[in-house]
Structure formats: structure tokens, C-alpha cells
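Next comes run.cif, with mmCIF, C-alpha atoms.
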data_entry
#
loop_
_atom_site.label_atom_id
_atom_site.label_comp_id
_atom_site.auth_asym_id
_atom_site.auth_seq_id
_atom_site.Cartn_x
_atom_site.Cartn_y
_atom_site.Cartn_z
CA MET A 1 45.54 25.53 11.95
CA ILE A 2 48.72 27.60 12.05
CA HIS A 3 50.89 24.47 11.96
CA THR A 4 49.20 23.28 8.76
CA LEU A 5 49.40 26.75 7.23
CA LEU A 6 53.12 26.98 7.95
CA ARG A 7 53.65 23.67 6.19
CA LYS A 8 51.84 24.94 3.11
CA CYS A 9 53.72 28.25 3.15
CA ILE A 10 57.21 26.86 3.60
CA ASP A 11 58.42 28.49 0.39
CA ARG A 12 55.94 31.35 -0.03
CA TYR A 13 54.03 34.04 1.85
CA PRO A 14 50.47 33.32 3.01
CA THR A 15 47.66 34.34 0.68
CA LYS A 16 45.00 36.84 1.71
CA THR A 17 42.60 33.96 2.29
CA GLU A 18 45.11 32.18 4.51
CA ILE A 19 45.74 35.36 6.49
CA SER A 20 41.97 35.75 6.95
CA GLN A 21 41.77 32.17 8.22
CA VAL A 22 44.48 32.92 10.79
CA GLU A 23 42.66 36.06 11.88
CA GLU A 24 39.43 34.08 12.29
CA TYR A 25 41.26 31.44 14.32
CA VAL A 26 42.99 34.03 16.54
CA ALA A 27 39.60 35.59 17.32
CA THR A 28 38.48 32.22 18.73
CA VAL A 29 41.51 31.68 20.99
CA PRO A 30 39.89 33.07 24.20
CA LYS A 31 36.91 30.73 23.73
CA ARG A 32 39.26 27.82 23.01
CA ILE A 33 41.25 28.52 26.17
CA ALA A 34 38.04 28.66 28.21
CA ALA A 35 36.86 25.34 26.73
CA LEU A 36 40.23 23.70 27.40
CA GLN A 37 40.19 24.88 31.02
CA GLU A 38 36.58 23.81 31.47
CA LEU A 39 37.29 20.30 30.20
CA LYS A 40 40.39 20.06 32.37
CA ALA A 41 38.37 21.03 35.46
CA ALA A 42 35.61 18.50 34.66
CA GLN A 43 37.88 15.65 33.54
CA ASP A 44 37.91 13.62 36.77
CA LYS A 45 34.12 13.74 37.10
CA ILE A 46 33.64 12.85 33.43
CA ILE A 47 35.94 9.84 33.79
CA GLN A 48 34.31 8.74 37.04
CA ASP A 49 30.78 8.87 35.62
CA MET A 50 31.85 7.40 32.29
CA PHE A 51 33.54 4.39 33.83
CA ALA A 52 30.70 3.69 36.25
CA GLU A 53 28.65 3.04 33.10
CA TYR A 54 31.43 1.47 31.00
CA GLN A 55 32.22 -1.17 33.63
CA LYS A 56 28.59 -2.28 33.62
CA LEU A 57 28.76 -2.78 29.84
CA TYR A 58 31.93 -4.88 30.07
CA PRO A 59 31.95 -6.53 33.51
CA LYS A 60 34.64 -9.08 32.57
CA PHE A 61 37.07 -6.72 30.84
CA HIS A 62 39.36 -6.71 33.87
CA THR A 63 39.86 -10.48 33.62
CA PHE A 64 41.92 -10.18 30.45
CA ARG A 65 44.80 -8.15 31.86
CA PRO A 66 45.87 -6.73 35.18
CA TYR A 67 44.88 -3.13 35.84
CA ALA A 68 42.67 -3.04 32.73
CA TRP A 69 40.26 -0.42 34.04
CA ALA A 70 42.97 1.74 35.62
CA LYS A 71 44.86 1.80 32.32
CA ALA A 72 41.66 2.52 30.40
CA MET A 73 40.92 5.47 32.71
CA ARG A 74 44.46 6.77 32.21
CA ASP A 75 44.05 6.45 28.44
CA VAL A 76 40.73 8.31 28.49
CA GLY A 77 42.30 11.14 30.48
CA MET A 78 45.11 11.30 27.95
CA THR A 79 42.60 11.25 25.09
CA MET A 80 40.63 14.09 26.62
CA ALA A 81 43.79 16.19 27.02
CA LEU A 82 44.84 15.49 23.43
CA CYS A 83 41.36 16.33 22.21
CA ALA A 84 41.40 19.62 24.11
CA ASN A 85 44.88 20.47 22.86
CA ALA A 86 43.90 19.73 19.25
CA MET A 87 40.86 21.96 19.68
CA PHE A 88 43.09 24.68 21.15
CA ILE A 89 45.43 24.69 18.15
CA GLY A 90 42.60 24.04 15.69
CA GLU A 91 44.14 20.94 14.06
CA THR A 92 43.61 17.23 13.75
CA ASP A 93 46.68 16.49 11.61
CA ILE A 94 48.99 16.79 14.56
CA LEU A 95 46.83 14.32 16.51
CA ASP A 96 47.22 11.70 13.80
CA GLU A 97 50.93 12.35 13.36
CA THR A 98 51.73 12.12 17.04
CA TRP A 99 49.13 9.88 18.63
CA THR A 100 45.93 8.44 17.09
CA ILE A 101 47.55 6.22 14.47
CA TRP A 102 50.09 4.89 16.97
CA PHE A 103 47.51 4.38 19.73
CA ARG A 104 45.09 2.68 17.33
CA SER A 105 47.84 0.13 16.56
CA ILE A 106 48.16 -0.51 20.31
CA MET A 107 44.41 -1.06 20.68
CA LYS A 108 44.49 -3.44 17.74
CA SER A 109 47.47 -5.36 19.15
CA VAL A 110 45.77 -5.89 22.52
CA HIS A 111 42.63 -7.24 20.83
CA MET A 112 40.18 -4.42 21.53
CA THR A 113 37.03 -4.61 19.44
CA PRO A 114 35.60 -1.80 17.33
CA GLN A 115 32.42 -1.96 19.46
CA PHE A 116 34.40 -1.61 22.70
CA LEU A 117 36.08 1.50 21.30
CA ARG A 118 32.81 2.91 19.91
CA ASP A 119 31.26 2.48 23.37
CA ASN A 120 34.27 4.24 24.89
CA TYR A 121 33.91 7.30 22.67
CA ALA A 122 30.12 7.35 22.91
CA LEU A 123 30.35 7.38 26.71
CA MET A 124 33.08 10.00 26.64
CA ASP A 125 30.87 12.15 24.41
CA LYS A 126 27.82 11.62 26.62
CA HIS A 127 29.60 12.60 29.82
CA MET A 128 31.50 15.51 28.28
CA ARG A 129 28.16 16.88 27.12
CA ARG A 130 26.81 16.50 30.69
CA HIS A 131 29.73 18.14 32.48
CA ILE A 132 30.85 21.03 30.29
CA SER A 133 29.01 23.98 28.82
CA PRO A 134 27.36 23.75 25.41
CA GLU A 135 29.90 26.30 24.11
CA ALA A 136 32.90 24.25 25.27
CA TYR A 137 31.31 21.04 24.06
CA GLY A 138 30.64 22.56 20.63
CA LEU A 139 34.31 23.48 20.25
CA ILE A 140 35.64 20.11 21.45
CA LYS A 141 33.12 17.78 19.76
CA PRO A 142 34.65 17.82 16.23
CA TYR A 143 38.03 16.79 17.66
CA LEU A 144 36.50 14.01 19.77
CA ASP A 145 34.63 12.80 16.68
CA HIS A 146 37.86 12.78 14.69
CA ILE A 147 39.66 10.75 17.36
CA ALA A 148 36.74 8.32 17.56
CA ASP A 149 36.60 7.87 13.78
CA VAL A 150 40.31 7.12 13.56
CA MET A 151 40.47 4.92 16.65
CA CYS A 152 37.43 2.81 15.77
CA ALA A 153 38.75 1.97 12.30
CA ILE A 154 40.17 -1.38 13.38
CA PRO A 155 39.14 -4.85 12.27
CA GLU A 156 37.32 -7.22 14.56
CA PRO A 157 40.05 -9.23 16.35
CA ILE A 158 40.21 -12.99 15.97
CA ARG A 159 40.38 -13.33 19.74
CA PRO A 160 38.68 -10.33 21.42
CA GLU A 161 39.91 -9.49 24.92
CA VAL A 162 37.18 -7.23 26.21
CA GLY A 163 34.64 -9.70 27.54
CA GLU A 164 30.99 -9.98 26.67
CA ARG A 165 29.14 -6.72 26.15
CA ARG A 166 26.04 -6.50 28.28
CA PRO A 167 22.98 -4.86 26.79
CA VAL A 168 22.46 -1.25 27.77
CA GLY A 169 20.33 -1.18 30.91
CA ALA A 170 21.36 -4.65 32.13
CA THR A 171 21.62 -4.65 35.89
CA ARG A 172 23.67 -7.78 36.57
#
Go ahead and render the structure in this file as C-alpha cells.
Amino acid sequence: MIHTLLRKCIDRYPTKTEISQVEEYVATVPKRIAALQELKAAQDKIIQDMFAEYQKLYPKFHTFRPYAWAKAMRDVGMTMALCANAMFIGETDILDETWTIWFRSIMKSVHMTPQFLRDNYALMDKHMRRHISPEAYGLIKPYLDHIADVMCAIPEPIRPEVGERRPVGATR
């Protein structure tokens, strides 16, 4: 929010409207800090529960590369931190400039499918909603949605490397 405003005001003073927007943002900082801390405290449990479900959807994912699930868990933790930080500063532009566009190119280059990524963000959303307060979730959700929208905008790879997706509820 402030980062974007400073870019717009590089050669001028902020308008009254822009100053009001900053004041509105500043008033939300305590709630943003609380949400960030809440997500940080719940992160390990969210990842644990999320991946218990994710691994059932893609039981052969690990056969495509060593440490596939460990790296995916690391990436989800990083995504959650970036999401929380973006929420804290009230911006998505900085996410795209520093991470989402680059990371999307990595996912594309290692033959992840759009469905695999959609499942990732849907499960992340589901388990965030379960493990953090509605107030924290409400603040973080728009940033998670932004990350998901950007990350899932990849073409279907010619040779997917995620394994077959099992139907939801499959037991074996």
C-alpha cells in the first residue's frame, strides 16, 4: 500500500485521498500484525494437515523427483510467509515483482499441472480457514487468492510430472 503510493508520488505530494488511504491502512496495522503472528503460529499444523490430504490426492508425486514432498512443504511454508507479509504491507505488486512470477516459471519448468497447483492452493485455503481465526483468515484470504490466481496461470505441460490425481475421498 505505502510502497505503491510512494511510487505514484515520486515527483509530487500525496493527494488528500491518498493520505486518507494511508490513514485507513495504518488503522489496520494492529489487526494485520495479529493475523501475521496467528498464521505463523499455526503454519506447521496447517502444513501437516494439508499434506496428509495432498499426498492422498497425488500418491505417485514423489516418484518424479527426490524429496518432492519435502520441497513442496518447504514451498508452501514460504508461500504462507509471503502471503502473510503481503497482507501485512497491504500489497500484491511486491509479491509479483519479487516472487510469484519467478516461482510460477519454476513450477512450469518442472512440469507441474494447473490442477496440481489449484489443489495445492485449495488445500492451503481449507486448512488456513480451519486453523486461524475468521478475522485473520479474512485479512489473509485476498492475498492467498492473488497468489493462487497468478501461480495457476500455467499451461498444461506436455509431460506432467505430478502423477495421477486420485478422486477426492479415494482411500487407496
Give me the residues near His146 of chain A as a VMD selection string, where near means some atom within 10 Å (using all atoms listed in the file) and where sequence neighbours in that chain fewer than 2 positions away do not count. chain A and resid 83 92 95 to 96 100 141 to 144 148 to 151
Selected residue of minimal separation from Phe61 of chain A among A:Tyr13, A:Ala136, A:Phe116, A:Ile158, counting only C-alpha atoms: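 Of all the options, A:Phe116 lies closest to Phe61 of chain A.
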If you apply the PyMOL selection byres ((chain A and resi 35-47) around 8) to this file, what residues do you get, as a VMD selection string? chain A and resid 31 to 34 48 to 51 73 76 to 77 80 to 81 84 to 85 87 to 88 124 127 to 128 131 to 132 135 to 137 139 to 140
May I have the residues from that selection written out with C-alpha atoms, as a PDB file, in the coordinates of the input?
ATOM      1  CA  LYS A  31      36.910  30.730  23.730  1.00  0.00           C
ATOM      2  CA  ARG A  32      39.260  27.820  23.010  1.00  0.00           C
ATOM      3  CA  ILE A  33      41.250  28.520  26.170  1.00  0.00           C
ATOM      4  CA  ALA A  34      38.040  28.660  28.210  1.00  0.00           C
ATOM      5  CA  GLN A  48      34.310   8.740  37.040  1.00  0.00           C
ATOM      6  CA  ASP A  49      30.780   8.870  35.620  1.00  0.00           C
ATOM      7  CA  MET A  50      31.850   7.400  32.290  1.00  0.00           C
ATOM      8  CA  PHE A  51      33.540   4.390  33.830  1.00  0.00           C
ATOM      9  CA  MET A  73      40.920   5.470  32.710  1.00  0.00           C
ATOM     10  CA  VAL A  76      40.730   8.310  28.490  1.00  0.00           C
ATOM     11  CA  GLY A  77      42.300  11.140  30.480  1.00  0.00           C
ATOM     12  CA  MET A  80      40.630  14.090  26.620  1.00  0.00           C
ATOM     13  CA  ALA A  81      43.790  16.190  27.020  1.00  0.00           C
ATOM     14  CA  ALA A  84      41.400  19.620  24.110  1.00  0.00           C
ATOM     15  CA  ASN A  85      44.880  20.470  22.860  1.00  0.00           C
ATOM     16  CA  MET A  87      40.860  21.960  19.680  1.00  0.00           C
ATOM     17  CA  PHE A  88      43.090  24.680  21.150  1.00  0.00           C
ATOM     18  CA  MET A 124      33.080  10.000  26.640  1.00  0.00           C
ATOM     19  CA  HIS A 127      29.600  12.600  29.820  1.00  0.00           C
ATOM     20  CA  MET A 128      31.500  15.510  28.280  1.00  0.00           C
ATOM     21  CA  HIS A 131      29.730  18.140  32.480  1.00  0.00           C
ATOM     22  CA  ILE A 132      30.850  21.030  30.290  1.00  0.00           C
ATOM     23  CA  GLU A 135      29.900  26.300  24.110  1.00  0.00           C
ATOM     24  CA  ALA A 136      32.900  24.250  25.270  1.00  0.00           C
ATOM     25  CA  TYR A 137      31.310  21.040  24.060  1.00  0.00           C
ATOM     26  CA  LEU A 139      34.310  23.480  20.250  1.00  0.00           C
ATOM     27  CA  ILE A 140      35.640  20.110  21.450  1.00  0.00           C
TER      28      ILE A 140
END
Between atom CA of His111 of chain A and atom CA of Pro157 of chain A, distance in Å (one decimal): 5.5 Å
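In this model, the gap between atom CA of Ser109 of chain A and atom CA of Asp145 of chain A comes to 22.4 Å.
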Selected residue, from A:Ile154, A:Leu82, A:Lys126, A:Asp75, that lies nearest to Thr113 of chain A when counting all atoms listed in the file: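 Ranked by minimum distance to Thr113 of chain A, first place goes to A:Ile154.
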Find the residues near Leu5 of chain A: any atom within 8 Å, counting all atoms listed in the file, skip ones fewer than 3 places away on the same chain, and give them as a list of chain:residue names. A:Met1, A:Ile2, A:Lys8, A:Cys9, A:Pro14, A:Glu18
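Proximity of A:Val29, A:His62, A:Leu6, A:Asp125 to Gly163 of chain A, computed with only C-alpha atoms, is greatest for A:His62.
Atom CA of Pro114 of chain A is found 6.3 Å from atom CA of Glu156 of chain A.
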Using all atoms listed in the file, find the one residue out of A:Lys108, A:Pro134, A:Ile147, A:Leu117 that sits nearest to Arg159 of chain A.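 Nearest to Arg159 of chain A: A:Lys108.
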Missing atoms in segment 101-128 of chain A need filling: write out N, CA and C atoms for it as a CSV table (one decimal), in the frame of the given file.
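Listing of rebuild_13.csv after writing:
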chain,number,residue,atom,x,y,z
A,101,ILE,N,47.2,7.4,15.3
A,101,ILE,CA,47.6,6.2,14.5
A,101,ILE,C,48.4,5.2,15.3
A,102,TRP,N,49.3,5.7,16.1
A,102,TRP,CA,50.1,4.9,17.0
A,102,TRP,C,49.2,4.2,18.0
A,103,PHE,N,48.3,5.0,18.7
A,103,PHE,CA,47.5,4.4,19.7
A,103,PHE,C,46.5,3.4,19.2
A,104,ARG,N,46.0,3.6,18.0
A,104,ARG,CA,45.1,2.7,17.3
A,104,ARG,C,45.8,1.3,17.1
A,105,SER,N,47.1,1.4,16.7
A,105,SER,CA,47.8,0.1,16.6
A,105,SER,C,48.0,-0.6,17.9
A,106,ILE,N,48.1,0.1,19.0
A,106,ILE,CA,48.2,-0.5,20.3
A,106,ILE,C,46.8,-1.2,20.6
A,107,MET,N,45.7,-0.5,20.4
A,107,MET,CA,44.4,-1.1,20.7
A,107,MET,C,44.2,-2.3,19.8
A,108,LYS,N,44.6,-2.3,18.6
A,108,LYS,CA,44.5,-3.4,17.7
A,108,LYS,C,45.3,-4.6,18.3
A,109,SER,N,46.6,-4.3,18.7
A,109,SER,CA,47.5,-5.4,19.2
A,109,SER,C,47.0,-6.0,20.5
A,110,VAL,N,46.3,-5.3,21.3
A,110,VAL,CA,45.8,-5.9,22.5
A,110,VAL,C,44.3,-6.4,22.4
A,111,HIS,N,43.9,-6.6,21.2
A,111,HIS,CA,42.6,-7.2,20.8
A,111,HIS,C,41.4,-6.5,21.3
A,112,MET,N,41.4,-5.2,21.2
A,112,MET,CA,40.2,-4.4,21.5
A,112,MET,C,39.3,-4.5,20.3
A,113,THR,N,38.0,-4.5,20.5
A,113,THR,CA,37.0,-4.6,19.4
A,113,THR,C,36.6,-3.2,19.0
A,114,PRO,N,36.1,-3.1,17.8
A,114,PRO,CA,35.6,-1.8,17.3
A,114,PRO,C,34.4,-1.4,18.2
A,115,GLN,N,33.6,-2.3,18.6
A,115,GLN,CA,32.4,-2.0,19.5
A,115,GLN,C,32.9,-1.4,20.8
A,116,PHE,N,33.9,-2.1,21.4
A,116,PHE,CA,34.4,-1.6,22.7
A,116,PHE,C,34.9,-0.2,22.6
A,117,LEU,N,35.6,0.1,21.5
A,117,LEU,CA,36.1,1.5,21.3
A,117,LEU,C,34.9,2.5,21.0
A,118,ARG,N,34.0,2.0,20.2
A,118,ARG,CA,32.8,2.9,19.9
A,118,ARG,C,32.1,3.2,21.2
A,119,ASP,N,31.9,2.2,22.1
A,119,ASP,CA,31.3,2.5,23.4
A,119,ASP,C,32.1,3.5,24.2
A,120,ASN,N,33.4,3.3,24.2
A,120,ASN,CA,34.3,4.2,24.9
A,120,ASN,C,34.0,5.7,24.5
A,121,TYR,N,34.1,5.9,23.1
A,121,TYR,CA,33.9,7.3,22.7
A,121,TYR,C,32.5,7.8,22.8
A,122,ALA,N,31.5,6.9,22.7
A,122,ALA,CA,30.1,7.4,22.9
A,122,ALA,C,29.9,7.8,24.4
A,123,LEU,N,30.5,7.0,25.3
A,123,LEU,CA,30.4,7.4,26.7
A,123,LEU,C,31.1,8.6,27.0
A,124,MET,N,32.3,8.8,26.4
A,124,MET,CA,33.1,10.0,26.6
A,124,MET,C,32.3,11.2,26.2
A,125,ASP,N,31.7,11.1,25.0
A,125,ASP,CA,30.9,12.2,24.4
A,125,ASP,C,29.7,12.5,25.3
A,126,LYS,N,29.0,11.4,25.8
A,126,LYS,CA,27.8,11.6,26.6
A,126,LYS,C,28.2,12.4,27.9
A,127,HIS,N,29.3,12.0,28.5
A,127,HIS,CA,29.6,12.6,29.8
A,127,HIS,C,30.3,13.9,29.7
A,128,MET,N,31.0,14.2,28.6
A,128,MET,CA,31.5,15.5,28.3
A,128,MET,C,30.3,16.5,28.1
